[in-house]
>>> print(open('coords_17.cif').read())   # mmCIF, C-alpha atoms
data_upload
loop_
_atom_site.label_atom_id
_atom_site.label_comp_id
_atom_site.auth_asym_id
_atom_site.auth_seq_id
_atom_site.Cartn_x
_atom_site.Cartn_y
_atom_site.Cartn_z
CA MET A 1 0.00 0.00 0.00
CA SER A 2 1.40 3.37 -0.96
CA SER A 3 0.73 5.50 2.10
CA ASN A 4 2.23 8.67 0.64
CA LEU A 5 -0.88 9.46 -1.40
CA LYS A 6 -2.28 12.93 -1.04
CA PHE A 7 -6.02 13.13 -0.22
CA LEU A 8 -8.45 16.03 -0.32
CA VAL A 9 -11.57 15.45 1.79
CA VAL A 10 -14.47 17.83 1.04
CA ASP A 11 -17.55 17.97 3.28
CA ASP A 12 -19.41 20.86 4.88
CA PHE A 13 -19.72 18.91 8.17
CA SER A 14 -16.45 18.97 10.10
CA THR A 15 -17.48 15.82 12.00
CA MET A 16 -17.67 13.87 8.74
CA ARG A 17 -14.30 15.25 7.59
CA ARG A 18 -12.78 14.07 10.90
CA ILE A 19 -14.36 10.63 10.54
CA VAL A 20 -12.99 10.19 7.01
CA LYS A 21 -9.60 11.56 8.04
CA ASN A 22 -9.39 9.11 10.97
CA LEU A 23 -10.42 6.19 8.75
CA LEU A 24 -7.79 7.14 6.17
CA GLN A 25 -5.19 7.36 8.94
CA GLU A 26 -6.20 3.89 10.14
CA LEU A 27 -5.62 2.70 6.56
CA GLY A 28 -2.13 4.18 6.68
CA TYR A 29 -2.67 7.46 4.83
CA SER A 30 -1.44 10.58 6.58
CA ASP A 31 -1.36 13.31 3.91
CA ILE A 32 -4.94 14.55 4.17
CA THR A 33 -6.21 18.07 3.47
CA GLU A 34 -9.76 19.23 4.21
CA ALA A 35 -12.15 21.66 2.50
CA ASP A 36 -15.76 22.54 3.32
CA ASP A 37 -17.24 22.92 -0.18
CA GLY A 38 -16.39 22.98 -3.88
CA ASN A 39 -15.48 26.66 -3.88
CA THR A 40 -12.71 26.14 -1.33
CA ALA A 41 -11.71 22.76 -2.74
CA LEU A 42 -11.16 23.79 -6.36
CA PRO A 43 -8.31 26.28 -5.75
CA LEU A 44 -6.65 23.70 -3.48
CA LEU A 45 -6.92 21.06 -6.21
CA LYS A 46 -5.52 23.44 -8.82
CA GLY A 47 -2.68 24.44 -6.54
CA GLY A 48 -1.65 21.08 -5.10
CA ALA A 49 -0.78 17.68 -6.51
CA PHE A 50 -3.60 15.65 -4.97
CA ASP A 51 -3.91 11.95 -5.74
CA ILE A 52 -7.52 11.39 -4.67
CA LEU A 53 -10.54 13.60 -4.05
CA ILE A 54 -13.25 12.41 -1.64
CA THR A 55 -16.28 14.70 -1.75
CA ASP A 56 -19.78 15.08 -0.37
CA TRP A 57 -22.58 16.16 -2.73
CA ASN A 58 -24.95 18.37 -0.73
CA MET A 59 -22.89 21.40 0.34
CA PRO A 60 -23.64 25.14 0.42
CA GLY A 61 -21.67 27.11 -2.14
CA MET A 62 -20.46 24.69 -4.78
CA PRO A 63 -22.03 21.22 -4.45
CA GLY A 64 -20.05 18.04 -5.06
CA LEU A 65 -21.56 17.38 -8.49
CA ASP A 66 -20.41 20.80 -9.73
CA LEU A 67 -16.97 20.19 -8.21
CA LEU A 68 -16.75 16.85 -10.04
CA LYS A 69 -17.72 18.52 -13.34
CA ALA A 70 -15.18 21.32 -12.75
CA VAL A 71 -12.45 18.74 -12.08
CA ARG A 72 -13.27 16.77 -15.23
CA ALA A 73 -13.36 20.00 -17.27
CA ASP A 74 -9.87 21.01 -16.11
CA GLU A 75 -7.19 19.57 -18.34
CA ARG A 76 -4.69 19.10 -15.49
CA LEU A 77 -7.22 17.56 -13.07
CA ALA A 78 -9.35 15.58 -15.55
CA LYS A 79 -7.89 12.19 -14.57
CA LEU A 80 -8.01 12.74 -10.80
CA PRO A 81 -9.87 9.87 -9.05
CA VAL A 82 -13.02 11.24 -7.40
CA LEU A 83 -14.95 9.31 -4.76
CA MET A 84 -18.40 10.68 -3.95
CA LEU A 85 -19.30 10.11 -0.28
CA THR A 86 -22.87 11.29 0.14
CA ALA A 87 -26.38 10.70 1.47
CA GLU A 88 -27.83 11.49 -1.98
CA ALA A 89 -29.65 8.32 -3.02
CA LYS A 90 -31.80 9.14 -6.04
CA ARG A 91 -31.05 6.92 -9.04
CA GLU A 92 -30.95 9.93 -11.40
CA GLN A 93 -28.28 11.50 -9.20
CA ILE A 94 -26.08 8.40 -9.24
CA ILE A 95 -26.48 8.13 -13.02
CA GLU A 96 -25.62 11.82 -13.41
CA ALA A 97 -22.52 11.43 -11.21
CA ALA A 98 -21.43 8.39 -13.21
CA GLN A 99 -21.94 10.26 -16.49
CA ALA A 100 -19.96 13.19 -15.07
CA GLY A 101 -17.08 10.76 -14.48
CA VAL A 102 -17.19 9.83 -10.79
CA SER A 103 -14.73 7.05 -9.91
CA GLY A 104 -16.70 5.64 -6.96
CA TYR A 105 -19.92 6.34 -5.08
CA VAL A 106 -20.41 5.54 -1.38
CA ILE A 107 -23.75 6.16 0.29
CA LYS A 108 -23.98 7.54 3.83
CA PRO A 109 -24.26 6.11 6.41
CA PHE A 110 -21.36 3.93 5.34
CA THR A 111 -19.02 1.42 6.93
CA ALA A 112 -15.24 1.52 7.17
CA VAL A 113 -15.15 -1.70 5.11
CA THR A 114 -17.14 -0.10 2.25
CA LEU A 115 -14.89 2.95 2.18
CA LYS A 116 -11.79 0.76 2.09
CA GLU A 117 -13.23 -1.43 -0.69
CA LYS A 118 -14.05 1.53 -2.92
CA LEU A 119 -10.68 3.17 -2.26
CA ASP A 120 -8.84 -0.06 -3.07
CA LYS A 121 -10.82 -0.37 -6.31
CA ILE A 122 -10.05 3.22 -7.30
CA LEU A 123 -6.36 2.80 -6.47
CA ALA A 124 -6.19 -0.46 -8.46
CA SER A 125 -7.72 1.30 -11.52
CA ARG A 126 -5.34 4.20 -11.04
CA ALA A 127 -2.34 1.85 -10.90
CA ALA A 128 -3.52 -0.01 -14.03
CA ALA A 129 -4.05 3.21 -16.02
CA MET B 1 -67.96 68.41 -28.26
CA ALA B 2 -65.46 71.26 -28.05
CA LEU B 3 -63.02 69.14 -30.03
CA LEU B 4 -65.58 68.43 -32.80
CA GLY B 5 -66.56 72.14 -32.87
CA ALA B 6 -62.90 73.15 -33.28
CA ILE B 7 -62.48 70.64 -36.16
CA ASP B 8 -65.65 71.86 -37.86
CA SER B 9 -64.61 75.51 -37.56
CA GLY B 10 -60.99 74.78 -38.58
CA ASP B 11 -59.74 76.64 -35.47
CA ALA B 12 -56.29 75.11 -34.77
CA SER B 13 -55.82 76.95 -31.49
CA ALA B 14 -59.24 75.87 -30.17
CA PHE B 15 -58.49 72.27 -31.35
CA ARG B 16 -55.18 72.19 -29.39
CA CYS B 17 -56.90 73.57 -26.34
CA ALA B 18 -59.76 71.04 -26.54
CA PHE B 19 -57.31 68.16 -27.17
CA ASP B 20 -55.12 69.10 -24.17
CA SER B 21 -58.23 69.29 -22.01
CA LEU B 22 -59.28 65.77 -23.11
CA CYS B 23 -55.79 64.37 -22.33
CA THR B 24 -55.83 65.92 -18.85
CA GLU B 25 -59.24 64.37 -18.26
CA MET B 26 -57.92 60.92 -19.30
CA ASP B 27 -54.84 61.30 -17.06
CA SER B 28 -56.93 62.14 -14.06
CA GLY B 29 -59.59 59.47 -14.62
CA LEU B 30 -58.70 56.55 -16.84
CA LEU B 31 -54.97 56.05 -16.14
CA PRO B 32 -55.24 55.96 -12.34
CA GLU B 33 -58.11 53.51 -12.76
CA LEU B 34 -55.93 51.33 -15.03
CA LYS B 35 -53.10 51.48 -12.47
CA ARG B 36 -55.50 50.53 -9.71
CA ILE B 37 -56.80 47.52 -11.68
CA THR B 38 -53.23 46.38 -12.53
CA ALA B 39 -52.10 46.65 -8.89
CA LYS B 40 -55.21 44.72 -7.82
CA ALA B 41 -54.47 41.98 -10.39
CA GLN B 42 -50.82 41.79 -9.23
CA SER B 43 -51.89 41.61 -5.63
CA ALA B 44 -54.42 38.87 -6.46
CA LEU B 45 -51.70 36.89 -8.27
CA ALA B 46 -49.27 37.29 -5.35
CA ARG B 47 -52.02 36.28 -2.94
CA PHE B 48 -52.86 33.25 -5.05
CA SER B 49 -49.15 32.29 -5.24
CA ALA B 50 -48.69 32.73 -1.46
CA GLU B 51 -51.87 30.83 -0.64
CA ALA B 52 -51.00 27.99 -3.03
CA ARG B 53 -47.52 27.73 -1.49
CA LEU B 54 -48.95 27.84 2.03
CA ASP B 55 -51.36 25.07 1.04
CA ALA B 56 -48.45 22.89 -0.18
CA LEU B 57 -46.40 23.70 2.93
CA ALA B 58 -49.24 22.89 5.29
CA GLY B 59 -50.44 19.88 3.31
CA HIS B 60 -47.17 18.06 2.67
CA GLU B 61 -43.99 19.76 3.75
CA VAL B 62 -44.86 20.47 7.39
CA PRO B 63 -46.05 16.85 7.97
CA ASP B 64 -42.88 15.69 6.16
CA ALA B 65 -40.79 17.93 8.43
CA ARG B 66 -42.40 16.22 11.43
CA LYS B 67 -41.31 12.83 10.01
CA ARG B 68 -37.81 14.22 9.38
CA LEU B 69 -37.46 15.46 12.96
CA THR B 70 -38.81 12.16 14.30
CA HIS B 71 -36.13 10.43 12.22
CA VAL B 72 -33.51 12.78 13.73
CA VAL B 73 -34.65 11.81 17.23
CA LYS B 74 -34.36 8.11 16.28
CA LEU B 75 -30.87 8.54 14.76
CA THR B 76 -29.52 10.54 17.70
CA ASP B 77 -31.01 8.02 20.15
CA GLU B 78 -29.43 5.09 18.30
CA ALA B 79 -26.05 6.83 18.00
CA ALA B 80 -25.99 7.80 21.69
CA HIS B 81 -26.85 4.24 22.75
CA ARG B 82 -24.26 2.76 20.37
CA THR B 83 -21.64 5.16 21.77
CA LEU B 84 -22.54 4.27 25.36
CA ASP B 85 -22.53 0.52 24.53
CA LEU B 86 -19.03 0.86 23.08
CA VAL B 87 -17.76 2.88 26.05
CA GLU B 88 -19.15 0.15 28.32
CA LEU B 89 -17.30 -2.46 26.26
CA CYS B 90 -14.02 -0.50 26.31
CA GLY B 91 -14.04 0.18 30.06
CA PRO B 92 -13.53 -3.44 31.29
CA LEU B 93 -10.71 -3.98 28.77
CA VAL B 94 -8.78 -0.98 30.13
CA ASP B 95 -9.55 -1.99 33.74
CA GLU B 96 -8.31 -5.52 33.06
CA ALA B 97 -5.04 -4.23 31.53
CA SER B 98 -4.49 -1.97 34.55
CA ARG B 99 -5.30 -4.70 37.08
CA GLY B 100 -3.16 -7.28 35.22
CA ALA B 101 -0.18 -4.89 35.05
CA ALA B 102 -0.45 -4.19 38.81
CA GLN B 103 -0.58 -7.92 39.62
CA LEU B 104 2.38 -8.57 37.36
CA LEU B 105 4.45 -5.88 39.05
CA ASP B 106 3.60 -7.38 42.44
CA SER B 107 4.79 -10.82 41.32
CA ARG B 108 8.04 -9.76 39.67
CA ASN B 109 10.14 -11.64 42.28
CA LEU B 110 8.20 -14.89 41.95
CA PRO B 111 9.53 -17.81 39.89
CA GLN B 112 6.25 -17.84 37.83
CA TRP B 113 6.90 -14.26 36.67
CA PRO B 114 8.05 -15.07 33.09
CA SER B 115 4.98 -17.22 32.35
CA ARG B 116 2.63 -14.67 33.98
CA ALA B 117 4.25 -11.86 31.98
CA GLU B 118 3.81 -13.80 28.75
CA GLU B 119 0.16 -14.54 29.56
CA PHE B 120 -0.45 -10.86 30.41
CA LEU B 121 1.17 -9.60 27.22
CA ASP B 122 -0.78 -12.07 25.10
CA ARG B 123 -4.11 -11.07 26.71
CA THR B 124 -3.31 -7.36 26.53
CA ARG B 125 -2.46 -7.59 22.84
CA ARG B 126 -5.81 -9.28 22.11
CA ASP B 127 -7.66 -6.72 24.23
CA ALA B 128 -5.84 -3.85 22.51
CA ASP B 129 -7.03 -5.19 19.14
CA LYS B 130 -10.60 -5.30 20.50
CA LEU B 131 -10.19 -1.76 21.85
CA ARG B 132 -9.00 -0.53 18.45
CA ALA B 133 -12.06 -2.10 16.79
CA TYR B 134 -14.41 -0.51 19.35
CA LEU B 135 -12.75 2.88 18.83
CA SER B 136 -13.29 2.55 15.06
CA GLU B 137 -16.96 1.80 15.71
CA LEU B 138 -17.16 4.81 18.03
CA LEU B 139 -15.74 6.93 15.22
CA MET B 140 -18.31 5.66 12.71
CA ALA B 141 -21.16 6.13 15.21
CA GLN B 142 -20.49 9.91 15.04
CA GLY B 143 -21.59 9.91 11.39
CA TYR B 144 -25.14 10.54 12.65
CA GLN B 145 -24.22 14.22 13.08
CA ASP B 146 -23.77 14.71 9.33
CA ILE B 147 -27.04 12.94 8.48
CA THR B 148 -29.10 14.64 11.19
CA GLY B 149 -27.43 17.99 10.44
CA GLN B 150 -28.54 17.79 6.80
CA ILE B 151 -32.09 16.88 7.85
CA ILE B 152 -32.27 19.71 10.41
CA ARG B 153 -30.97 22.20 7.84
CA SER B 154 -33.77 21.18 5.46
CA VAL B 155 -36.31 21.79 8.25
CA ILE B 156 -34.73 25.21 8.96
CA SER B 157 -35.18 26.07 5.24
CA LEU B 158 -38.82 25.01 5.53
CA VAL B 159 -39.37 27.23 8.58
CA ASP B 160 -37.69 30.14 6.72
CA GLU B 161 -39.99 29.66 3.74
CA LEU B 162 -43.07 29.34 5.95
CA GLU B 163 -42.12 32.61 7.64
CA ARG B 164 -41.71 34.33 4.25
CA VAL B 165 -45.05 33.05 2.93
CA LEU B 166 -46.92 34.10 6.07
CA GLY B 167 -45.16 37.48 5.96
CA LYS B 168 -46.33 38.01 2.36
CA LEU B 169 -49.90 37.13 3.28
CA VAL B 170 -49.84 39.66 6.12
CA GLN B 171 -48.48 42.31 3.72
CA ILE B 172 -51.21 41.50 1.20
CA ALA B 173 -53.88 41.71 3.90
CA GLU B 174 -52.52 45.13 4.89
CA GLY B 175 -52.71 46.28 1.27
CA ILE B 176 -48.93 46.48 0.84
CA GLU B 177 -47.78 45.76 -2.71
CA VAL B 178 -45.77 42.48 -2.84
CA THR B 179 -43.82 40.61 -5.46
CA SER B 180 -44.64 36.99 -6.18
CA LEU B 181 -42.96 34.20 -4.21
CA VAL B 182 -39.98 32.19 -5.36
CA ARG B 183 -39.92 28.64 -4.05
CA SER B 184 -36.65 28.04 -2.19
CA LEU B 185 -36.91 24.42 -1.01
CA PRO B 186 -35.42 21.71 -3.24
CA THR B 187 -37.85 19.34 -4.94
CA PRO B 188 -37.29 15.73 -6.05
CA THR B 189 -36.94 17.05 -9.59
CA ASN B 190 -34.46 19.74 -8.59
CA TRP B 191 -31.69 17.52 -7.23
CA GLU B 192 -28.47 18.99 -8.65
CA LYS B 193 -27.63 20.77 -5.38
CA GLY B 194 -28.63 17.73 -3.33
CA LEU B 195 -31.83 16.56 -1.65
CA GLY B 196 -30.34 15.33 1.62
CA PRO B 197 -30.72 11.95 3.31
CA GLN B 198 -33.62 9.61 2.68
CA VAL B 199 -36.22 9.53 5.43
CA ALA B 200 -38.64 6.61 5.77
CA GLY B 201 -42.17 7.55 4.74
CA ILE B 202 -41.18 10.57 2.63
CA ALA B 203 -41.35 10.15 -1.13
CA ASN B 204 -38.16 11.46 -2.67
CA GLY B 205 -38.37 10.11 -6.19
CA ASP B 206 -36.74 6.90 -7.30
CA ALA B 207 -34.12 6.20 -4.61
CA VAL B 208 -31.73 3.27 -4.26
CA ALA B 209 -32.09 0.93 -1.27
CA GLY B 210 -28.40 0.97 -0.30
CA GLN B 211 -24.78 0.49 -1.35
CA ASP B 212 -25.48 -2.83 -3.14
CA ASP B 213 -28.06 -1.10 -5.38
CA ILE B 214 -25.55 1.64 -6.23
CA ASP B 215 -22.83 -0.89 -7.05
CA ALA B 216 -25.26 -2.81 -9.29
CA LEU B 217 -26.38 0.38 -11.05
CA LEU B 218 -22.80 1.53 -11.67
CA SER B 219 -21.80 -1.96 -12.91
CA GLN B 220 -24.76 -1.97 -15.33
CA MET B 221 -23.73 1.44 -16.63
CA ALA B 222 -20.08 0.36 -17.00
CA ALA B 223 -21.15 -2.82 -18.87
CA GLY B 224 -23.37 -0.77 -21.19
CA LYS B 225 -20.54 1.55 -22.25
#
>>> encode(input="coords_17.cif", output="structure tokens")
Amino acid sequence: MSSNLKFLVVDDFSTMRRIVKNLLQELGYSDITEADDGNTALPLLKGGAFDILITDWNMPGMPGLDLLKAVRADERLAKLPVLMLTAEAKREQIIEAAQAGVSGYVIKPFTAVTLKEKLDKILASRAAA
Amino acid sequence: MALLGAIDSGDASAFRCAFDSLCTEMDSGLLPELKRITAKAQSALARFSAEARLDALAGHEVPDARKRLTHVVKLTDEAAHRTLDLVELCGPLVDEASRGAAQLLDSRNLPQWPSRAEEFLDRTRRDADKLRAYLSELLMAQGYQDITGQIIRSVISLVDELERVLGKLVQIAEGIEVTSLVRSLPTPTNWEKGLGPQVAGIANGDAVAGQDDIDALLSQMAAGK
């Protein structure tokens, strides 16, 4: 496991950011930056060499779907793995996220096992690409 | 009559005078009446819009908000109990490690010390693994705050909108001119910004049942590419 990967965790609830950060640390990842919505996340992504973006959907300011679209529209960020971690459960939303190029979709409330599974899958695809 | 007389006599000055007089009469009578009718129509439209919105709020969204808040109570209750359960599970493990260490220190001059130390270390390692697992569960149990926070925010938006609608109705009743209402709450068809967590008993369009459904949907989409 390469533990030097750089994560950006985006969620408007600081409790959820702390939960994800702790889980990532348990998995051996220590380079974790936080942002509270798409508007604060996007400049961070453009300015730093992040390896994975984990984002919520429903956030004030720029929601996660718009952040995903902005990432895919940016030439330098287009291939960044994006994991959506959200309570949004409508089928149309999941289809839209998939069409916008999401790499994984985890529904809240989630388990540590599910998060690990999806991360492993994303990292395996990333390594194969 | 004065206007017709001026035309018949070809008196341009009298015509201008009669025409100006007619315009003044229209300004003072017809136009204010037209303005009054337009304002009345606008007010009726605003009233209709406010009343229709109030009807929807009272008929569906307030009862839904009650279900949402009941769900919040259930989630917070479950999370608090799960947290307390885990604390109760962690406590004896820590107590046992402390007691075992004290006993081991007391027996350090006994010949059985090496075997007792090995037994203690073995048990403590197993208990530490259990403790780690309980701490991870404690961490996950705090996820309720995100879910309940989103639900409570949606209820706050509802209260805000209710306040606005009632405010407009009061203004209309007092004869104050108002603009029509703009709906601010998200609807199942307006999901780009997010609808928030699913709540049992509240229709929110075609939702998935859980992570397995999402995985199946994404696999289907990937296979269809």
>>> closest_atom_pairs(input="coords_17.cif", of="chain B", to="chain A", cutoff="12 Å", atoms="all atoms listed in the file", output="tab-separated table")
residue	atom	partner	partner_atom	distance
B:Leu75	CA	A:Pro109	CA	10.9
B:Ala79	CA	A:Pro109	CA	11.7
B:Arg132	CA	A:Glu26	CA	9.8
B:Ala133	CA	A:Glu26	CA	10.7
B:Leu135	CA	A:Asn22	CA	10.6
B:Ser136	CA	A:Leu23	CA	7.8
B:Glu137	CA	A:Ala112	CA	8.7
B:Leu138	CA	A:Ile19	CA	9.9
B:Leu139	CA	A:Ile19	CA	6.1
B:Met140	CA	A:Ile19	CA	6.7
B:Ala141	CA	A:Pro109	CA	9.3
B:Gln142	CA	A:Thr15	CA	7.3
B:Gly143	CA	A:Met16	CA	6.2
B:Tyr144	CA	A:Pro109	CA	7.7
B:Gln145	CA	A:Thr15	CA	7.0
B:Asp146	CA	A:Phe13	CA	5.9
B:Ile147	CA	A:Ala87	CA	7.4
B:Thr148	CA	A:Phe13	CA	10.7
B:Gly149	CA	A:Phe13	CA	8.1
B:Gln150	CA	A:Asn58	CA	8.4
B:Ile151	CA	A:Ala87	CA	10.6
B:Arg153	CA	A:Pro60	CA	10.8
B:Ser154	CA	A:Asn58	CA	11.1
B:Pro186	CA	A:Asn58	CA	11.3
B:Thr187	CA	A:Lys90	CA	11.9
B:Pro188	CA	A:Lys90	CA	8.6
B:Thr189	CA	A:Glu92	CA	9.5
B:Asn190	CA	A:Gln93	CA	10.3
B:Trp191	CA	A:Gln93	CA	7.2
B:Glu192	CA	A:Leu65	CA	7.1
B:Lys193	CA	A:Pro63	CA	5.7
B:Gly194	CA	A:Asn58	CA	4.6
B:Leu195	CA	A:Glu88	CA	6.5
B:Gly196	CA	A:Glu88	CA	5.8
B:Pro197	CA	A:Ala87	CA	4.9
B:Gln198	CA	A:Ala89	CA	7.1
B:Val199	CA	A:Ala87	CA	10.7
B:Ala203	CA	A:Lys90	CA	10.8
B:Asn204	CA	A:Lys90	CA	7.6
B:Gly205	CA	A:Lys90	CA	6.6
B:Asp206	CA	A:Lys90	CA	5.6
B:Ala207	CA	A:Lys90	CA	4.0
B:Val208	CA	A:Ala89	CA	5.6
B:Ala209	CA	A:Ala89	CA	8.0
B:Gly210	CA	A:Ile107	CA	7.0
B:Gln211	CA	A:Ile107	CA	6.0
B:Asp212	CA	A:Ile107	CA	9.8
B:Asp213	CA	A:Arg91	CA	9.3
B:Ile214	CA	A:Ile94	CA	7.4
B:Asp215	CA	A:Tyr105	CA	8.0
B:Ala216	CA	A:Ile94	CA	11.2
B:Leu217	CA	A:Ile95	CA	8.0
B:Leu218	CA	A:Ala98	CA	7.2
B:Ser219	CA	A:Ala98	CA	10.4
B:Gln220	CA	A:Ile95	CA	10.5
B:Met221	CA	A:Ala98	CA	8.1
B:Ala222	CA	A:Ala98	CA	9.0
B:Lys225	CA	A:Gln99	CA	10.5
>>> atom_distance(input="coords_17.cif", atom1="CA of Leu67 (chain A)", atom2="CA of Phe50 (chain A)")
14.5 Å
>>> residues_around(input="coords_17.cif", residues="Leu80 (chain A)", least_positions_apart="5", cutoff="8 Å", atoms="all atoms listed in the file", output="ChimeraX atom specification")
/A:50-53,71-72
>>> atom_distance(input="coords_17.cif", atom1="CA of Lys69 (chain A)", atom2="CA of Thr40 (chain A)")
15.1 Å
>>> closest_residue(input="coords_17.cif", among="A:Val102, A:Ala124, A:Leu5, A:Leu119", to="Tyr29 (chain A)", atoms="only C-alpha atoms")
A:Leu5
>>> resolve_selection(input="coords_17.cif", expression="the PyMOL selection byres ((chain B and resi 67) around 12)", output="NGL selection string")
:B and (60-66 or 68-74 or 151-152 or 155 or 198-203)
>>> closest_residue(input="coords_17.cif", among="B:Phe48, B:Phe15, B:Tyr134, B:Trp113", to="Leu86 (chain B)", atoms="only C-alpha atoms")
B:Tyr134
>>> closest_residue(input="coords_17.cif", among="A:Lys46, A:Lys116, A:Lys79, A:Lys6", to="Ala129 (chain A)", atoms="only C-alpha atoms")
A:Lys79
>>> atom_distance(input="coords_17.cif", atom1="CA of Leu3 (chain B)", atom2="CA of Gly29 (chain B)")
18.5 Å
>>> residues_around(input="coords_17.cif", residues="Arg123 (chain B)", least_positions_apart="3", cutoff="10 Å", atoms="all atoms listed in the file", output="PyMOL selection string")
chain B and resi 93+96-97+100+117-120+126-128
>>> resolve_selection(input="coords_17.cif", expression="the PyMOL selection byres ((chain B and resi 5) around 12)", output="count of residues only")
18
>>> closest_residue(input="coords_17.cif", among="A:Leu77, A:Ala128, A:Leu115, A:Met84", to="Leu42 (chain A)", atoms="only C-alpha atoms")
A:Leu77
>>> axis_aligned_box(input="coords_17.cif", around="region 76-83 of chain A", padding_each_side="4 Å", output="lines of an AutoDock Vina configuration file")
center_x = -9.8
center_y = 14.2
center_z = -10.2
size_x = 18.3
size_y = 17.8
size_z = 18.8
